[in-house]
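> Sharing a structure with you now.
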Amino acid sequence: MDFLQLIRHTAAKWRFLKKWYFWVSVALLIAAIALLVAFLNRYRDFEDIVDDKELNVATEYSSIGYFVEDGTMKGFQYELVKRFADQHGLALNITVEDDLERCIVGVNKGVYDLILRNLPVTVELRRRIAFSDPILTSRLVLVQLSDNVYNEGVPLRNSLDLDGITVYAVEHSPYLPRLNHIREEIGVEFQVAHISGADTELLIAMVSRGEIPYAVSDEFTARLCKVYYPEIDIAMVLGFQQFQAWGMNKRASALQTEINSWLKEFKQTKDFRDLYRKYYKIK
């Protein structure tokens, strides 16, 4: 082999090696991206939860769902999921997260196994998370002052009266699609405003003090708040009854099946009826 042939052979070898290194690098990059995506979208199904002996849940802090009184955890959602966890020998890890969007992101990334709150079963949410079978039903209501100073001392009673007003809702509220539907269905224009960090109970308190004109709330929360703020009016219903359920990762099918099976049985018991009366039968 003369010198010229040696150069040609060496050049061809380097071209081959460069291509080989390129495709190996591409393959490694694809594998790394796949691993990253899998990590960011990890989740635990029921078998994993049982193996780990713990259930991770996210819930909002409220006077009905979950709260702490004299150092003791209470609330309808808490006591319900505690019974499920105890029956399956699971430790219960509670994270208080009032922001629904963070709850949804967390359950889809495997940070949480369940979302526990008054979560309406809507088409919009079904695109992002799976639901348990319905636990309760509730309605969306308008919270206003009984002597509505924003309407000549008379509370609003008709959806057409919403035209031109500003309604306050929790940021990332699951009821926002319902408010948008009202706009489209009856052709009224009203503004939906938010106050950063404010939950439904705080918004209702602000209505009672005259700090904001109107707020929207699920009926259960509004009825409870009316005990403490008798000056509010919650008679105006916005839409039909909606199912409320727990939320979870769409791929956690075994968890969904186990929860539904447990709920179907537990909801027929006196224990469930007593639990419901304890938190929802407001005197």
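Naming scheme: A, B, ... for chains in displayed order of the structure tokens; residues 1 onward per chain; ligands 1 onward as shown.
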When you look at segment 149-163 of chain A with a cut-off of 12 Å (counting only C-alpha atoms), what residues show up, excluding the ones that are within fewer than 4 positions of it in the same chain? I need them as a PyMOL selection string.

chain A and resi 141-145+167+179+181-192+207-216+231-239

> How would the residues just chosen look if you wrote them out with C-alpha atoms as a tab-separated table (two decimals), in the first residue's frame?


```
chain	number	residue	atom	x	y	z
A	141	VAL	CA	-73.96	29.00	43.93
A	142	LEU	CA	-73.49	32.75	43.85
A	143	VAL	CA	-72.50	34.28	47.19
A	144	GLN	CA	-73.69	37.86	47.75
A	145	LEU	CA	-74.96	40.09	50.53
A	167	VAL	CA	-67.55	37.55	40.15
A	179	LEU	CA	-69.01	30.05	34.38
A	181	HIS	CA	-70.77	27.91	29.78
A	182	ILE	CA	-73.19	30.36	31.41
A	183	ARG	CA	-71.73	33.15	29.28
A	184	GLU	CA	-72.25	31.10	26.14
A	185	GLU	CA	-75.65	29.63	27.03
A	186	ILE	CA	-77.49	32.82	27.96
A	187	GLY	CA	-75.31	35.41	26.24
A	188	VAL	CA	-74.31	37.51	29.25
A	189	GLU	CA	-70.94	39.15	29.78
A	190	PHE	CA	-69.40	39.21	33.24
A	191	GLN	CA	-65.85	39.28	34.55
A	192	VAL	CA	-64.25	36.53	36.62
A	207	VAL	CA	-68.22	39.19	50.48
A	208	SER	CA	-69.67	39.28	54.00
A	209	ARG	CA	-67.47	42.29	54.83
A	210	GLY	CA	-68.38	44.08	51.62
A	211	GLU	CA	-64.81	43.91	50.30
A	212	ILE	CA	-65.82	42.16	47.08
A	213	PRO	CA	-69.30	42.09	45.49
A	214	TYR	CA	-69.78	38.44	44.51
A	215	ALA	CA	-68.08	35.05	44.81
A	216	VAL	CA	-68.84	31.56	43.55
A	231	GLU	CA	-75.64	38.31	56.23
A	232	ILE	CA	-74.74	36.48	53.02
A	233	ASP	CA	-77.24	35.14	50.50
A	234	ILE	CA	-76.56	31.82	48.73
A	235	ALA	CA	-79.96	31.17	47.14
A	236	MET	CA	-78.92	31.74	43.52
A	237	VAL	CA	-77.87	28.45	41.93
A	238	LEU	CA	-75.58	28.47	38.89
A	239	GLY	CA	-76.28	25.33	36.89
```

> Which residues, written as a list in words, have at least one atom at most 12 Å from Ser62 of chain A, with only C-alpha atoms counted and residues fewer than 3 positions away on the same chain left out?

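Surrounding residues, per the criterion: Thr59, Gly65, Tyr66, Phe67, Val68, Glu69, Met73, Lys74, Gly75, Phe76, Gln77, Tyr78, Val96, Glu97, Asp98, Leu116, Arg117, Asn118, Ala198, Asp199, Thr200, Glu201, Leu202, Phe220, Thr221, Ala222, Leu224, Cys225 and Tyr279 of chain A.
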
> For each of A:Lys278, A:Ile115, A:Leu263, A:Asp147, take the minimum atom-to-atom distance to Pro230 of chain A, counting only C-alpha atoms, then give the residue where this is smallest.

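Checking each candidate against Pro230 of chain A, we get A:Asp147 as the closest.
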
> Which of these residues is nearest to Ser217 of chain A, using only C-alpha atoms: A:Leu90, A:Leu80, A:Val170, A:Leu140?

A:Leu140

> Which residue, A:Glu47, A:Glu171, A:Glu60, A:Asp70, has the smallest gap to Leu119 of chain A when you use only C-alpha atoms?

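The answer is A:Glu60, which sits nearest to Leu119 of chain A.
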
> Within segment 130-241 of chain A, find each residue whose DSSP state, derived from the backbone, is alpha helix (DSSP H), and express the selection as a CSV table (one decimal) with N, CA and C atoms, in the first residue's frame.


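That gives us selection-v5.csv:
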```
chain,number,residue,atom,x,y,z
A,176,LEU,N,-64.6,27.2,36.8
A,176,LEU,CA,-64.4,28.2,35.7
A,176,LEU,C,-65.1,27.8,34.4
A,177,PRO,N,-65.0,26.5,34.0
A,177,PRO,CA,-65.7,26.1,32.7
A,177,PRO,C,-67.2,26.3,32.9
A,178,ARG,N,-67.7,26.1,34.1
A,178,ARG,CA,-69.2,26.3,34.2
A,178,ARG,C,-69.6,27.7,34.0
A,179,LEU,N,-68.8,28.6,34.6
A,179,LEU,CA,-69.0,30.0,34.4
A,179,LEU,C,-68.9,30.4,32.9
A,180,ASN,N,-68.0,29.9,32.2
A,180,ASN,CA,-67.8,30.1,30.8
A,180,ASN,C,-69.1,29.6,30.0
A,181,HIS,N,-69.6,28.5,30.4
A,181,HIS,CA,-70.8,27.9,29.8
A,181,HIS,C,-72.0,28.8,30.0
A,182,ILE,N,-72.1,29.4,31.2
A,182,ILE,CA,-73.2,30.4,31.4
A,182,ILE,C,-73.1,31.5,30.4
A,183,ARG,N,-71.9,32.0,30.2
A,183,ARG,CA,-71.7,33.1,29.3
A,183,ARG,C,-72.3,32.8,27.9
A,184,GLU,N,-71.9,31.5,27.5
A,184,GLU,CA,-72.3,31.1,26.1
A,184,GLU,C,-73.7,30.7,26.0
A,185,GLU,N,-74.3,30.1,27.1
A,185,GLU,CA,-75.7,29.6,27.0
A,185,GLU,C,-76.7,30.8,27.0
A,186,ILE,N,-76.5,31.8,27.8
A,186,ILE,CA,-77.5,32.8,28.0
A,186,ILE,C,-77.0,34.2,27.4
A,200,THR,N,-61.9,29.6,48.8
A,200,THR,CA,-63.3,29.9,48.7
A,200,THR,C,-63.8,30.5,50.0
A,201,GLU,N,-63.4,29.9,51.2
A,201,GLU,CA,-63.9,30.5,52.4
A,201,GLU,C,-63.5,31.9,52.7
A,202,LEU,N,-62.3,32.2,52.2
A,202,LEU,CA,-61.8,33.6,52.4
A,202,LEU,C,-62.6,34.6,51.5
A,203,LEU,N,-62.9,34.1,50.3
A,203,LEU,CA,-63.7,34.9,49.4
A,203,LEU,C,-65.1,35.2,49.9
A,204,ILE,N,-65.7,34.2,50.5
A,204,ILE,CA,-67.0,34.3,51.1
A,204,ILE,C,-66.9,35.3,52.3
A,205,ALA,N,-65.9,35.2,53.1
A,205,ALA,CA,-65.7,36.2,54.2
A,205,ALA,C,-65.6,37.6,53.7
A,206,MET,N,-64.9,37.8,52.5
A,206,MET,CA,-64.7,39.1,52.0
A,206,MET,C,-66.0,39.6,51.4
A,207,VAL,N,-66.9,38.8,50.9
A,207,VAL,CA,-68.2,39.2,50.5
A,207,VAL,C,-69.0,39.7,51.7
A,208,SER,N,-68.9,38.9,52.8
A,208,SER,CA,-69.7,39.3,54.0
A,208,SER,C,-69.2,40.6,54.5
A,219,GLU,N,-72.0,24.5,46.9
A,219,GLU,CA,-73.1,24.7,47.9
A,219,GLU,C,-72.8,24.3,49.3
A,220,PHE,N,-72.1,23.2,49.4
A,220,PHE,CA,-71.7,22.7,50.8
A,220,PHE,C,-70.9,23.8,51.5
A,221,THR,N,-69.9,24.3,50.9
A,221,THR,CA,-69.0,25.3,51.6
A,221,THR,C,-69.8,26.5,51.9
A,222,ALA,N,-70.7,27.0,50.9
A,222,ALA,CA,-71.5,28.2,51.1
A,222,ALA,C,-72.4,28.0,52.3
A,223,ARG,N,-73.0,26.8,52.4
A,223,ARG,CA,-74.0,26.6,53.5
A,223,ARG,C,-73.3,26.7,54.9
A,224,LEU,N,-72.1,26.1,54.9
A,224,LEU,CA,-71.3,26.1,56.2
A,224,LEU,C,-71.0,27.5,56.5
A,225,CYS,N,-70.5,28.3,55.5
A,225,CYS,CA,-70.1,29.7,55.8
A,225,CYS,C,-71.2,30.6,56.2
A,226,LYS,N,-72.4,30.2,55.7
A,226,LYS,CA,-73.6,31.1,56.1
A,226,LYS,C,-73.9,31.0,57.6
A,227,VAL,N,-73.5,29.9,58.2
A,227,VAL,CA,-73.6,29.8,59.7
A,227,VAL,C,-72.8,30.8,60.4
A,228,TYR,N,-71.7,31.1,59.8
A,228,TYR,CA,-70.8,32.1,60.5
A,228,TYR,C,-71.0,33.6,59.9
```

> Using only C-alpha atoms, which protein or nucleic acid residues come within 7 Å of Leu255 of chain A? Drop anything in the same chain fewer than 3 positions from it, and give the result as a PyMOL selection string.

chain A and resi 45-46+252+258-259

> For a quick check of understanding, using only C-alpha atoms, which of A:Thr95, A:Asn108, A:Thr137, A:Thr257 has the smallest distance to Phe243 of chain A?

A:Thr137

> Which residue gives the smallest distance to Gln268 of chain A among A:Val107, A:Ala245, A:Val121, A:Ile135, with only C-alpha atoms counted?

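Closest to Gln268 of chain A of all the choices is A:Ile135.
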
> Mind checking DSSP for segment 15-209 of chain A and telling me the strand (DSSP E or B) residues as a ChimeraX atom specification?

/A:54-59,67-69,72-74,91-96,114-120,130-131,136-138,140-145,166-168,191-193

> Once you have the residues from the selection above, write them out as a CSV table (one decimal), in the first residue's frame, restricted to N, CA and C atoms.


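To be explicit, this is the file written out as selection-v2.csv:
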```csv
chain,number,residue,atom,x,y,z
A,54,GLU,N,-47.7,3.1,52.0
A,54,GLU,CA,-48.1,4.5,52.2
A,54,GLU,C,-48.9,5.0,51.1
A,55,LEU,N,-49.8,5.9,51.4
A,55,LEU,CA,-50.7,6.6,50.4
A,55,LEU,C,-50.4,8.1,50.5
A,56,ASN,N,-50.0,8.7,49.4
A,56,ASN,CA,-49.7,10.1,49.4
A,56,ASN,C,-50.9,10.9,48.8
A,57,VAL,N,-51.5,11.8,49.5
A,57,VAL,CA,-52.6,12.5,49.1
A,57,VAL,C,-52.4,14.0,49.2
A,58,ALA,N,-53.1,14.8,48.3
A,58,ALA,CA,-53.1,16.3,48.4
A,58,ALA,C,-54.5,16.7,48.6
A,59,THR,N,-54.6,17.7,49.5
A,59,THR,CA,-56.0,18.2,49.8
A,59,THR,C,-55.9,19.7,50.2
A,67,PHE,N,-59.1,19.7,58.1
A,67,PHE,CA,-58.6,20.8,59.0
A,67,PHE,C,-58.0,20.2,60.3
A,68,VAL,N,-57.3,21.0,61.0
A,68,VAL,CA,-56.7,20.5,62.3
A,68,VAL,C,-57.4,21.3,63.4
A,69,GLU,N,-57.9,20.5,64.4
A,69,GLU,CA,-58.5,21.1,65.6
A,69,GLU,C,-58.0,20.5,66.8
A,72,THR,N,-55.7,17.7,66.3
A,72,THR,CA,-56.3,16.4,65.7
A,72,THR,C,-56.7,16.7,64.3
A,73,MET,N,-56.4,15.9,63.4
A,73,MET,CA,-56.8,16.0,62.0
A,73,MET,C,-58.3,15.6,61.8
A,74,LYS,N,-59.1,16.4,61.2
A,74,LYS,CA,-60.5,16.1,61.0
A,74,LYS,C,-60.9,16.5,59.6
A,91,ALA,N,-50.0,3.7,55.6
A,91,ALA,CA,-49.8,5.0,56.3
A,91,ALA,C,-50.3,6.1,55.4
A,92,LEU,N,-50.8,7.2,55.9
A,92,LEU,CA,-51.4,8.3,55.2
A,92,LEU,C,-50.6,9.5,55.3
A,93,ASN,N,-50.1,9.9,54.1
A,93,ASN,CA,-49.2,11.2,54.1
A,93,ASN,C,-50.1,12.3,53.4
A,94,ILE,N,-50.4,13.3,54.2
A,94,ILE,CA,-51.2,14.4,53.8
A,94,ILE,C,-50.4,15.6,53.4
A,95,THR,N,-50.6,16.2,52.2
A,95,THR,CA,-50.0,17.4,51.8
A,95,THR,C,-51.1,18.4,51.6
A,96,VAL,N,-51.1,19.6,52.3
A,96,VAL,CA,-52.0,20.6,52.1
A,96,VAL,C,-51.6,21.4,50.9
A,114,LEU,N,-53.5,10.7,45.2
A,114,LEU,CA,-54.9,11.1,45.1
A,114,LEU,C,-55.0,12.6,45.4
A,115,ILE,N,-56.0,13.2,44.8
A,115,ILE,CA,-56.5,14.5,45.1
A,115,ILE,C,-57.8,14.4,45.8
A,116,LEU,N,-57.8,14.9,47.1
A,116,LEU,CA,-59.0,14.9,47.9
A,116,LEU,C,-59.5,16.3,48.1
A,117,ARG,N,-60.7,16.6,47.5
A,117,ARG,CA,-61.3,17.9,47.7
A,117,ARG,C,-62.7,17.8,47.0
A,118,ASN,N,-63.5,18.9,47.1
A,118,ASN,CA,-64.8,18.9,46.5
A,118,ASN,C,-64.5,19.1,45.0
A,119,LEU,N,-64.1,18.1,44.3
A,119,LEU,CA,-63.7,18.2,42.9
A,119,LEU,C,-64.8,17.8,42.0
A,120,PRO,N,-65.4,18.7,41.2
A,120,PRO,CA,-66.4,18.4,40.3
A,120,PRO,C,-65.9,17.5,39.1
A,130,ALA,N,-57.9,11.0,36.1
A,130,ALA,CA,-59.0,10.1,36.2
A,130,ALA,C,-59.8,10.4,37.5
A,131,PHE,N,-61.0,9.9,37.6
A,131,PHE,CA,-61.8,10.2,38.8
A,131,PHE,C,-62.3,8.8,39.4
A,136,LEU,N,-70.1,12.5,46.3
A,136,LEU,CA,-71.2,13.4,46.7
A,136,LEU,C,-71.7,14.1,45.4
A,137,THR,N,-72.7,14.9,45.6
A,137,THR,CA,-73.2,15.8,44.5
A,137,THR,C,-73.4,17.2,45.1
A,138,SER,N,-73.1,18.2,44.4
A,138,SER,CA,-73.3,19.5,44.9
A,138,SER,C,-73.6,20.5,43.7
A,140,LEU,N,-73.1,24.7,42.1
A,140,LEU,CA,-72.4,26.0,42.2
A,140,LEU,C,-73.4,27.1,42.6
A,141,VAL,N,-73.1,27.9,43.5
A,141,VAL,CA,-74.0,29.0,43.9
A,141,VAL,C,-73.2,30.3,43.9
A,142,LEU,N,-74.0,31.4,43.8
A,142,LEU,CA,-73.5,32.7,43.8
A,142,LEU,C,-73.6,33.2,45.3
A,143,VAL,N,-72.5,33.7,45.8
A,143,VAL,CA,-72.5,34.3,47.2
A,143,VAL,C,-72.5,35.8,47.1
A,144,GLN,N,-73.5,36.4,47.8
A,144,GLN,CA,-73.7,37.9,47.8
A,144,GLN,C,-74.3,38.3,49.1
A,145,LEU,N,-74.3,39.6,49.3
A,145,LEU,CA,-75.0,40.1,50.5
A,145,LEU,C,-76.5,40.1,50.4
A,166,THR,N,-68.8,41.6,38.3
A,166,THR,CA,-67.5,41.0,38.5
A,166,THR,C,-67.7,39.9,39.6
A,167,VAL,N,-67.4,38.7,39.2
A,167,VAL,CA,-67.5,37.5,40.2
A,167,VAL,C,-66.2,37.1,40.5
A,168,TYR,N,-65.9,36.8,41.8
A,168,TYR,CA,-64.6,36.3,42.3
A,168,TYR,C,-64.7,34.8,42.4
A,191,GLN,N,-67.3,39.5,34.3
A,191,GLN,CA,-65.9,39.3,34.5
A,191,GLN,C,-65.7,38.3,35.7
A,192,VAL,N,-64.6,37.4,35.5
A,192,VAL,CA,-64.2,36.5,36.6
A,192,VAL,C,-62.9,37.0,37.1
A,193,ALA,N,-62.8,37.3,38.4
A,193,ALA,CA,-61.6,37.9,39.0
A,193,ALA,C,-61.0,36.9,40.0
```

> Please determine, counting only C-alpha atoms, which residue among A:Asp113, A:Asp52, A:Glu79, A:Glu124 has the shortest atom-to-atom distance to Asp274 of chain A.

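Ranking A:Asp113, A:Asp52, A:Glu79, A:Glu124 by distance to Asp274 of chain A, first place goes to A:Glu79.
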